[in-house]
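**Q** Input file: run.json. Contents: JSON, C-alpha atoms and all ligand atoms.
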[["chain", "number", "residue", "atom", "x", "y", "z"],
["A", 850, "MET", "CA", 10.08, 10.59, 42.20],
["A", 851, "ASP", "CA", 6.96, 9.80, 44.15],
["A", 852, "LYS", "CA", 6.91, 6.04, 44.84],
["A", 853, "LYS", "CA", 3.18, 5.65, 44.47],
["A", 854, "LYS", "CA", 3.21, 7.43, 41.13],
["A", 855, "LEU", "CA", 6.10, 5.29, 39.96],
["A", 856, "ARG", "CA", 4.13, 2.16, 40.85],
["A", 857, "ASN", "CA", 1.04, 3.48, 39.03],
["A", 858, "ASP", "CA", 3.19, 4.32, 36.00],
["A", 859, "ILE", "CA", 4.57, 0.80, 35.87],
["A", 860, "ILE", "CA", 1.10, -0.75, 36.20],
["A", 861, "LEU", "CA", -0.21, 1.53, 33.44],
["A", 862, "ILE", "CA", 2.67, 0.72, 31.07],
["A", 863, "LEU", "CA", 2.43, -3.01, 31.76],
["A", 864, "ALA", "CA", -1.32, -2.94, 31.13],
["A", 865, "VAL", "CA", -0.82, -1.31, 27.72],
["A", 866, "LEU", "CA", 2.00, -3.72, 26.91],
["A", 867, "ILE", "CA", -0.06, -6.78, 27.88],
["A", 868, "ALA", "CA", -3.04, -5.54, 25.85],
["A", 869, "ALA", "CA", -0.78, -5.02, 22.81],
["A", 870, "LEU", "CA", 0.88, -8.43, 23.19],
["A", 871, "ALA", "CA", -2.51, -10.12, 23.63],
["A", 872, "ALA", "CA", -3.79, -8.44, 20.45],
["A", 873, "TRP", "CA", -0.61, -9.53, 18.72],
["A", 874, "GLY", "CA", -1.12, -13.10, 19.89],
["A", 875, "VAL", "CA", -4.69, -13.14, 18.61],
["A", 876, "ILE", "CA", -3.52, -11.80, 15.24],
["A", 877, "ALA", "CA", -0.68, -14.32, 14.98],
["A", 878, "LEU", "CA", -2.93, -17.24, 15.92],
["A", 879, "THR", "CA", -5.69, -16.28, 13.53],
["A", 880, "GLN", "CA", -3.33, -15.42, 10.69],
["A", 881, "ARG", "CA", -3.80, -17.66, 7.69],
["A", 882, "PRO", "CA", -1.81, -17.99, 4.49],
["A", 883, "GLY", "CA", -3.01, -15.57, 1.85],
["A", 884, "ARG", "CA", -4.78, -16.67, -1.29],
["A", 885, "GLU", "CA", -5.84, -13.57, -3.14],
["A", 886, "VAL", "CA", -4.35, -10.15, -3.76],
["A", 887, "LEU", "CA", -7.08, -7.50, -3.55],
["A", 888, "VAL", "CA", -6.73, -4.05, -5.05],
["A", 889, "GLU", "CA", -8.76, -1.40, -3.22],
["A", 890, "ILE", "CA", -9.09, 2.09, -4.61],
["A", 891, "LYS", "CA", -10.80, 4.64, -2.33],
["A", 892, "GLY", "CA", -12.07, 1.81, -0.15],
["A", 893, "SER", "CA", -13.72, -0.37, -2.78],
["A", 894, "VAL", "CA", -12.19, -3.51, -4.24],
["A", 895, "THR", "CA", -11.55, -3.03, -7.94],
["A", 896, "ALA", "CA", -9.60, -6.16, -8.79],
["A", 897, "SER", "CA", -8.30, -9.42, -7.34],
["A", 898, "TYR", "CA", -5.50, -11.73, -8.43],
["A", 899, "PRO", "CA", -4.45, -15.16, -7.17],
["A", 900, "LEU", "CA", -1.32, -14.98, -5.03],
["A", 901, "ASP", "CA", 0.17, -18.16, -6.47],
["A", 902, "ARG", "CA", 0.44, -16.93, -10.04],
["A", 903, "ASP", "CA", 3.26, -14.57, -10.99],
["A", 904, "LEU", "CA", 2.00, -11.31, -12.43],
["A", 905, "ARG", "CA", 3.08, -7.79, -13.30],
["A", 906, "ILE", "CA", 0.32, -5.27, -13.88],
["A", 907, "ASP", "CA", -0.11, -1.49, -13.95],
["A", 908, "ILE", "CA", -2.97, -0.38, -11.72],
["A", 909, "VAL", "CA", -4.34, 2.87, -13.08],
["A", 910, "THR", "CA", -6.59, 5.03, -10.85],
["A", 911, "GLU", "CA", -9.39, 7.25, -12.20],
["A", 912, "ASP", "CA", -7.07, 10.26, -12.13],
["A", 913, "GLY", "CA", -4.57, 8.42, -14.31],
["A", 914, "HIS", "CA", -2.05, 7.60, -11.58],
["A", 915, "VAL", "CA", -0.11, 4.36, -11.90],
["A", 916, "ASN", "CA", 1.15, 1.78, -9.40],
["A", 917, "THR", "CA", 2.88, -1.28, -10.78],
["A", 918, "LEU", "CA", 1.85, -4.39, -8.85],
["A", 919, "VAL", "CA", 4.15, -7.41, -8.99],
["A", 920, "ILE", "CA", 3.21, -10.86, -7.69],
["A", 921, "GLU", "CA", 6.22, -13.12, -7.55],
["A", 922, "GLY", "CA", 6.81, -16.38, -5.72],
["A", 923, "GLY", "CA", 3.67, -15.99, -3.59],
["A", 924, "ARG", "CA", 4.47, -12.43, -2.50],
["A", 925, "ALA", "CA", 3.01, -9.14, -3.67],
["A", 926, "ARG", "CA", 4.70, -5.75, -3.79],
["A", 927, "ILE", "CA", 4.52, -2.41, -5.56],
["A", 928, "GLU", "CA", 7.48, -2.22, -7.90],
["A", 929, "ALA", "CA", 6.98, 1.29, -9.21],
["A", 930, "ALA", "CA", 4.59, 4.20, -8.73],
["A", 931, "ASP", "CA", 4.20, 7.79, -9.85],
["A", 932, "CYS", "CA", 3.15, 9.03, -6.41],
["A", 933, "PRO", "CA", 5.29, 11.80, -4.88],
["A", 934, "ASP", "CA", 6.41, 9.97, -1.74],
["A", 935, "LYS", "CA", 7.16, 6.48, -3.18],
["A", 936, "LEU", "CA", 6.46, 5.03, 0.26],
["A", 937, "CYS", "CA", 4.37, 2.23, -1.25],
["A", 938, "VAL", "CA", 7.39, 1.09, -3.27],
["A", 939, "LYS", "CA", 9.53, 1.02, -0.12],
["A", 940, "GLN", "CA", 7.11, -1.18, 1.84],
["A", 941, "ARG", "CA", 7.90, -4.85, 2.28],
["A", 942, "ALA", "CA", 6.41, -7.55, 0.05],
["A", 943, "ILE", "CA", 3.28, -9.09, 1.59],
["A", 944, "SER", "CA", 2.04, -12.67, 1.60],
["A", 945, "LYS", "CA", -0.09, -13.36, 4.71],
["A", 946, "ALA", "CA", -3.84, -12.84, 5.01],
["A", 947, "GLY", "CA", -4.53, -9.36, 6.36],
["A", 948, "GLU", "CA", -1.24, -7.78, 5.35],
["A", 949, "SER", "CA", -1.44, -4.67, 3.24],
["A", 950, "ILE", "CA", 0.55, -2.12, 1.28],
["A", 951, "ILE", "CA", -0.83, 1.37, 1.16],
["A", 952, "CYS", "CA", -0.26, 4.18, -1.32],
["A", 953, "LEU", "CA", -1.71, 7.17, 0.47],
["A", 954, "PRO", "CA", -1.47, 9.77, -2.32],
["A", 955, "HIS", "CA", -3.38, 7.46, -4.66],
["A", 956, "LYS", "CA", -5.83, 6.21, -1.99],
["A", 957, "LEU", "CA", -4.78, 2.71, -2.99],
["A", 958, "VAL", "CA", -4.57, -0.34, -0.76],
["A", 959, "ILE", "CA", -3.15, -3.68, -1.85],
["A", 960, "ARG", "CA", -4.19, -6.33, 0.61],
["A", 961, "ILE", "CA", -4.03, -10.07, 0.96],
["A", 962, "SER", "CA", -7.19, -12.02, 1.58],
["A", 963, "GLY", "CA", -7.35, -15.52, 3.04],
["A", 964, "GLU", "CA", -10.39, -16.40, 0.97],
["A", 965, "SER", "CA", -10.69, -16.57, -2.76],
["A", 966, "GLY", "CA", -12.96, -14.20, -4.61],
["A", 967, "VAL", "CA", -13.57, -10.49, -4.31],
["A", 968, "ASP", "CA", -16.09, -10.93, -1.50],
["A", 969, "GLY", "CA", -13.67, -12.79, 0.74],
["A", 970, "THR", "CA", -13.22, -11.14, 4.07],
["A", 971, "VAL", "CA", -10.15, -11.51, 6.20],
["B", 960, "MET", "CA", 2.76, 34.29, 35.85],
["B", 961, "LYS", "CA", 2.57, 37.53, 33.89],
["B", 962, "ALA", "CA", 0.76, 37.54, 30.55],
["B", 963, "THR", "CA", 3.95, 38.46, 28.72],
["B", 964, "GLN", "CA", 5.83, 35.58, 30.35],
["B", 965, "LYS", "CA", 3.09, 33.20, 29.35],
["B", 966, "LEU", "CA", 3.07, 34.53, 25.80],
["B", 967, "THR", "CA", 6.85, 34.17, 25.52],
["B", 968, "LEU", "CA", 6.73, 30.63, 26.83],
["B", 969, "ILE", "CA", 4.03, 29.73, 24.32],
["B", 970, "GLY", "CA", 6.02, 31.31, 21.48],
["B", 971, "VAL", "CA", 9.20, 29.45, 22.38],
["B", 972, "SER", "CA", 7.18, 26.25, 22.76],
["B", 973, "ILE", "CA", 5.76, 26.61, 19.25],
["B", 974, "ALA", "CA", 9.27, 27.07, 17.87],
["B", 975, "ALA", "CA", 10.53, 23.98, 19.75],
["B", 976, "ALA", "CA", 7.53, 21.93, 18.61],
["B", 977, "MET", "CA", 8.17, 22.96, 15.00],
["B", 978, "VAL", "CA", 11.79, 21.81, 15.20],
["B", 979, "LEU", "CA", 10.68, 18.45, 16.63],
["B", 980, "SER", "CA", 8.02, 18.10, 13.92],
["B", 981, "TYR", "CA", 10.66, 18.69, 11.28],
["B", 982, "VAL", "CA", 13.06, 16.18, 12.83],
["B", 983, "GLU", "CA", 10.16, 13.73, 12.85],
["B", 984, "THR", "CA", 9.71, 13.98, 9.09],
["B", 985, "LEU", "CA", 13.30, 12.74, 8.75],
["B", 986, "ILE", "CA", 12.53, 9.59, 10.78],
["B", 987, "PRO", "CA", 9.89, 7.60, 8.92],
["B", 988, "VAL", "CA", 8.12, 4.99, 11.04],
["B", 989, "PRO", "CA", 9.24, 1.80, 9.29],
["B", 990, "PHE", "CA", 5.86, 0.11, 9.34],
["B", 991, "ALA", "CA", 2.16, 0.66, 9.07],
["B", 992, "VAL", "CA", 0.82, 3.54, 7.13],
["B", 993, "PRO", "CA", 2.99, 6.09, 5.37],
["B", 994, "GLY", "CA", 2.64, 9.48, 6.99],
["B", 995, "ILE", "CA", 2.48, 8.16, 10.54],
["B", 996, "LYS", "CA", 4.80, 9.98, 12.90],
["B", 997, "LEU", "CA", 6.58, 9.15, 16.14],
["B", 998, "GLY", "CA", 5.05, 12.07, 18.00],
["B", 999, "LEU", "CA", 8.22, 13.76, 19.25],
["B", 1000, "ALA", "CA", 6.46, 17.11, 19.44],
["B", 1001, "ASN", "CA", 4.42, 15.63, 22.27],
["B", 1002, "THR", "CA", 7.38, 16.52, 24.49],
["B", 1003, "VAL", "CA", 6.29, 20.14, 24.22],
["B", 1004, "ALA", "CA", 2.62, 19.35, 24.88],
["B", 1005, "LEU", "CA", 3.68, 17.35, 27.96],
["B", 1006, "PHE", "CA", 5.84, 20.19, 29.24],
["B", 1007, "LEU", "CA", 3.09, 22.78, 28.79],
["B", 1008, "LEU", "CA", 0.52, 20.51, 30.39],
["B", 1009, "PHE", "CA", 2.61, 20.48, 33.58],
["B", 1010, "ARG", "CA", 3.98, 24.03, 33.50],
["B", 1011, "LEU", "CA", 0.96, 25.95, 32.21],
["B", 1012, "ASP", "CA", -2.33, 24.19, 31.50],
["B", 1013, "TRP", "CA", -4.11, 22.01, 28.96],
["B", 1014, "LYS", "CA", -5.34, 25.07, 27.08],
["B", 1015, "ALA", "CA", -1.81, 26.25, 26.39],
["B", 1016, "ALA", "CA", -0.78, 22.71, 25.42],
["B", 1017, "GLY", "CA", -3.78, 22.47, 23.08],
["B", 1018, "LEU", "CA", -3.12, 25.84, 21.49],
["B", 1019, "VAL", "CA", 0.53, 25.05, 20.82],
["B", 1020, "SER", "CA", -0.37, 21.60, 19.47],
["B", 1021, "LEU", "CA", -3.00, 23.09, 17.16],
["B", 1022, "ILE", "CA", -0.62, 25.70, 15.75],
["B", 1023, "ARG", "CA", 2.16, 23.12, 15.44],
["B", 1024, "VAL", "CA", -0.08, 20.63, 13.58],
["B", 1025, "LEU", "CA", -1.32, 23.28, 11.14],
["B", 1026, "LEU", "CA", 2.10, 24.82, 10.45],
["B", 1027, "SER", "CA", 4.01, 21.57, 10.12],
["B", 1028, "GLY", "CA", 1.25, 20.14, 7.93],
["B", 1029, "LEU", "CA", 1.57, 23.12, 5.61],
["B", 1030, "LEU", "CA", 5.37, 23.21, 5.66],
["B", 1031, "PHE", "CA", 6.49, 19.57, 5.73],
["B", 1032, "GLY", "CA", 3.41, 17.51, 5.04],
["B", 1033, "ASN", "CA", 0.29, 17.01, 3.00],
["B", 1034, "ALA", "CA", -3.45, 16.86, 3.71],
["B", 1035, "ALA", "CA", -3.27, 13.24, 4.88],
["B", 1036, "SER", "CA", -0.33, 13.71, 7.22],
["B", 1037, "LEU", "CA", -2.02, 16.81, 8.62],
["B", 1038, "ALA", "CA", -5.16, 14.80, 9.37],
["B", 1039, "TYR", "CA", -3.08, 12.08, 11.07],
["B", 1040, "SER", "CA", -1.16, 14.56, 13.20],
["B", 1041, "ALA", "CA", -4.36, 16.36, 14.16],
["B", 1042, "ALA", "CA", -6.08, 13.15, 15.25],
["B", 1043, "GLY", "CA", -2.95, 11.93, 17.04],
["B", 1044, "ALA", "CA", -2.31, 15.21, 18.82],
["B", 1045, "ALA", "CA", -5.95, 15.64, 19.88],
["B", 1046, "LEU", "CA", -6.39, 12.14, 21.30],
["B", 1047, "SER", "CA", -3.00, 12.27, 22.97],
["B", 1048, "LEU", "CA", -3.75, 15.61, 24.64],
["B", 1049, "VAL", "CA", -7.16, 14.45, 25.90],
["B", 1050, "VAL", "CA", -5.66, 11.28, 27.40],
["B", 1051, "MET", "CA", -2.72, 13.14, 28.96],
["B", 1052, "ALA", "CA", -4.92, 15.90, 30.40],
["B", 1053, "LEU", "CA", -7.35, 13.37, 31.92],
["B", 1054, "LEU", "CA", -4.58, 11.23, 33.43],
["B", 1055, "LYS", "CA", -2.85, 14.29, 34.83],
["B", 1056, "LYS", "CA", -6.11, 15.30, 36.47],
["B", 1057, "THR", "CA", -6.23, 12.01, 38.40],
["B", 1058, "GLY", "CA", -2.92, 12.99, 40.01],
["B", 1059, "ALA", "CA", -1.92, 9.34, 40.15],
["B", 1060, "PHE", "CA", 0.79, 9.31, 37.49],
["B", 1061, "SER", "CA", 4.19, 10.89, 36.92],
["B", 1062, "PRO", "CA", 5.08, 12.78, 33.72],
["B", 1063, "VAL", "CA", 6.65, 9.57, 32.38],
["B", 1064, "GLY", "CA", 3.48, 7.51, 32.81],
["B", 1065, "ILE", "CA", 1.39, 10.29, 31.31],
["B", 1066, "SER", "CA", 3.81, 10.63, 28.42],
["B", 1067, "VAL", "CA", 3.64, 6.91, 27.62],
["B", 1068, "SER", "CA", -0.17, 7.00, 27.60],
["B", 1069, "GLY", "CA", -0.05, 10.12, 25.43],
["B", 1070, "ALA", "CA", 2.31, 8.49, 22.93],
["B", 1071, "VAL", "CA", 0.18, 5.36, 22.69],
["B", 1072, "ALA", "CA", -2.97, 7.50, 22.30],
["B", 1073, "HIS", "CA", -1.13, 9.51, 19.62],
["B", 1074, "ASN", "CA", -0.56, 6.35, 17.58],
["B", 1075, "VAL", "CA", -4.10, 5.08, 18.13],
["B", 1076, "GLY", "CA", -5.45, 8.44, 16.95],
["B", 1077, "GLN", "CA", -3.31, 8.34, 13.82],
["B", 1078, "ILE", "CA", -4.40, 4.78, 12.96],
["B", 1079, "LEU", "CA", -8.08, 5.57, 13.52],
["B", 1080, "MET", "CA", -7.78, 8.58, 11.21],
["B", 1081, "ALA", "CA", -6.07, 6.38, 8.61],
["B", 1082, "VAL", "CA", -8.94, 3.87, 8.86],
["B", 1083, "VAL", "CA", -11.40, 6.71, 8.20],
["B", 1084, "LEU", "CA", -9.40, 8.25, 5.35],
["B", 1085, "LEU", "CA", -8.52, 5.02, 3.58],
["B", 1086, "GLY", "CA", -11.89, 3.38, 4.20],
["B", 1087, "THR", "CA", -10.23, 0.11, 5.19],
["B", 1088, "ASP", "CA", -10.03, -1.47, 8.62],
["B", 1089, "GLN", "CA", -7.12, -3.66, 7.53],
["B", 1090, "ILE", "CA", -4.59, -1.28, 9.03],
["B", 1091, "LEU", "CA", -5.96, -1.95, 12.52],
["B", 1092, "TRP", "CA", -3.58, -4.92, 12.36],
["B", 1093, "TRP", "CA", -0.78, -2.48, 13.00],
["B", 1094, "LEU", "CA", -2.25, -1.30, 16.28],
["B", 1095, "PRO", "CA", -0.28, -3.65, 18.59],
["B", 1096, "ALA", "CA", 3.02, -2.76, 16.92],
["B", 1097, "LEU", "CA", 2.18, 0.93, 17.15],
["B", 1098, "ALA", "CA", 1.19, 0.58, 20.81],
["B", 1099, "VAL", "CA", 4.59, -0.94, 21.62],
["B", 1100, "SER", "CA", 6.40, 1.71, 19.59],
["B", 1101, "GLY", "CA", 4.31, 4.28, 21.48],
["B", 1102, "ILE", "CA", 5.54, 2.91, 24.81],
["B", 1103, "VAL", "CA", 9.16, 3.27, 23.69],
["B", 1104, "THR", "CA", 8.66, 6.79, 22.30],
["B", 1105, "GLY", "CA", 6.62, 7.73, 25.36],
["B", 1106, "LEU", "CA", 9.37, 6.64, 27.75],
["B", 1107, "ALA", "CA", 11.93, 8.72, 25.84],
["B", 1108, "ILE", "CA", 9.63, 11.74, 25.65],
["B", 1109, "GLY", "CA", 8.65, 11.35, 29.28],
["B", 1110, "ALA", "CA", 12.27, 11.28, 30.40],
["B", 1111, "ALA", "CA", 13.07, 14.38, 28.33],
["B", 1112, "GLY", "CA", 9.86, 16.09, 29.44],
["B", 1113, "ALA", "CA", 10.50, 15.36, 33.12],
["B", 1114, "VAL", "CA", 13.90, 17.05, 32.88],
["B", 1115, "LEU", "CA", 12.34, 20.09, 31.15],
["B", 1116, "ILE", "CA", 9.56, 20.33, 33.73],
["B", 1117, "LYS", "CA", 12.14, 20.22, 36.54],
["B", 1118, "LYS", "CA", 14.71, 22.59, 35.02],
["B", 1119, "ILE", "CA", 12.41, 25.20, 33.52],
["B", 1120, "SER", "CA", 10.49, 25.94, 36.67],
["B", 1121, "ILE", "CA", 8.66, 29.17, 36.07],
["B", 1122, "PRO", "CA", 6.61, 30.04, 39.11],
["B", 1123, "ILE", "CA", 3.03, 29.07, 38.43],
["B", 1124, "ARG", "CA", 0.92, 31.95, 39.67],
["A", 1201, "ZN", "ZN", 2.66, 5.42, -3.48]]
Would you mind giving the structure from this file in structure tokens?

**A**
Amino acid sequence: MDKKKLRNDIILILAVLIAALAAWGVIALTQRPGREVLVEIKGSVTASYPLDRDLRIDIVTEDGHVNTLVIEGGRARIEAADCPDKLCVKQRAISKAGESIICLPHKLVIRISGESGVDGTV
Amino acid sequence: MKATQKLTLIGVSIAAAMVLSYVETLIPVPFAVPGIKLGLANTVALFLLFRLDWKAAGLVSLIRVLLSGLLFGNAASLAYSAAGAALSLVVMALLKKTGAFSPVGISVSGAVAHNVGQILMAVVLLGTDQILWWLPALAVSGIVTGLAIGAAGAVLIKKISIPIR
């Protein structure tokens, strides 16, 4: 292989890697413990629950679809859902501000906010 | 290259891209947004970019995205693949034009662009910017996929050397 191209390739790959690691660093440094669990349906927040209180609730969308949200020991997860892919159920439990679980078929996002209250931004 | 040769190559490329798209549906990306794909079919786009031109690569990508969306996916995964494939192709075509990078470097940039495109489409579709948090992880996974695709693509480009014009 052309030596100059190889060098350019390496510079390019390192630049992308450094940018990704820097972004990661910024995220890790600014990450705060979560306080609220926000339920977003089609992009708007429809409910919020404190992360420190255990809870099991069925979230029902306008079309009658159900996702069962469980908050347990400071972590939130989707325990059951009637979506076809069940990918939301397979996602890891979340607890840190900014983390989210997404159910694409239902246009549902469960996310953790660092502030309390529905208006809290992360 | 004769028109029939070109047509055959495009046909075979579509078939290969479809196989890769199917294999991809069997390997879920373990993080981020459901429906996001590794971008293995980019191998074919990379190959065509070097052996034919960006138009052929774009045509094959377009047909592949539509067919695999209909066969193995849903509306959302089709939108992700379309955004990923389009951004990836634009980045790869531009970098190739500079003449400064090898297929491997171009492939890595294409794979990273593929993931960025998918995430941006997910932000639009889901109406939440929260998933931008996954961008660094997806960039790194793009580098790994891109290296693998680039290595495979470089072999293809070398071995399948149809005379260009
Ligand atoms: Zn789901």

**Q** Could you list, as a PyMOL selection string, all protein and nucleic acid residues with an atom at most 12 Å from ligand ZN 1201 (chain A), counting all atoms listed in the file?

**A** (chain A and resi 908+910+914-918+926-940+950-959) or (chain B and resi 992-994)

**Q** So how far away is atom CA of B:Ser980 from atom CA of B:Asp1012, in Å?

**A**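 Between atom CA of B:Asp1012 and atom CA of B:Ser980 the gap works out to 21.3 Å.
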
**Q** What residues in chain A have any atom no more than 9 Å from chain B when counting all atoms listed in the file, and can you write them as JSON, numbers by chain?

**A** {"A": [850, 851, 853, 854, 855, 856, 857, 858, 859, 861, 862, 865, 866, 868, 869, 870, 871, 872, 873, 876, 889, 890, 891, 892, 893, 934, 936, 937, 940, 941, 947, 948, 949, 950, 951, 952, 953, 954, 956, 957, 958, 960, 971]}

**Q** Rounded to one decimal in Å, what is the spacing between atom CA of A:Asp901 and atom CA of A:Gly883?

**A** 9.3 Å

**Q** Got a sec: who's within 9 Å of B:Ile969, counting only C-alpha atoms, leaving out chain neighbours fewer than 3 positions off, as number ranges by chain?

**A** B: 964-966, 972-974, 1007, 1015-1016, 1018-1019

**Q** Would you mind reading off the distance between atom CA of A:Val886 and atom CA of A:Tyr898, one decimal, in Å?

**A** 5.1 Å

**Q** Counting all atoms listed in the file, write as a PyMOL selection string all protein and nucleic acid residues lying at most 12 Å from (12.1, 19.9, 11.2) in the file's frame.

**A** chain B and resi 974-986+999-1000+1023+1026-1028+1030-1032

**Q** For A:Gly963, please output as number ranges by chain all residues within 12 Å (counting only C-alpha atoms; exclusion window: fewer than 6 positions along the same chain).

**A** A: 879-887, 899-900, 944-948, 969-971

**Q** Do you know which residues are at most 7 Å from stretch 1072-1077 of chain B counting all atoms listed in the file, after dropping those on the same chain fewer than 2 positions away, and could you put them as a VMD selection string?

**A** chain B and resid 995 998 1039 to 1040 1042 to 1044 1046 to 1047 1050 1068 to 1070 1079 to 1081 1094 1097 to 1098 1101

**Q** Would you mind listing what lies within 10 Å of A:Asp903 as a PyMOL selection string, with all atoms listed in the file counted and same-chain residues fewer than 3 positions away left out?

**A** chain A and resi 898-900+919-925
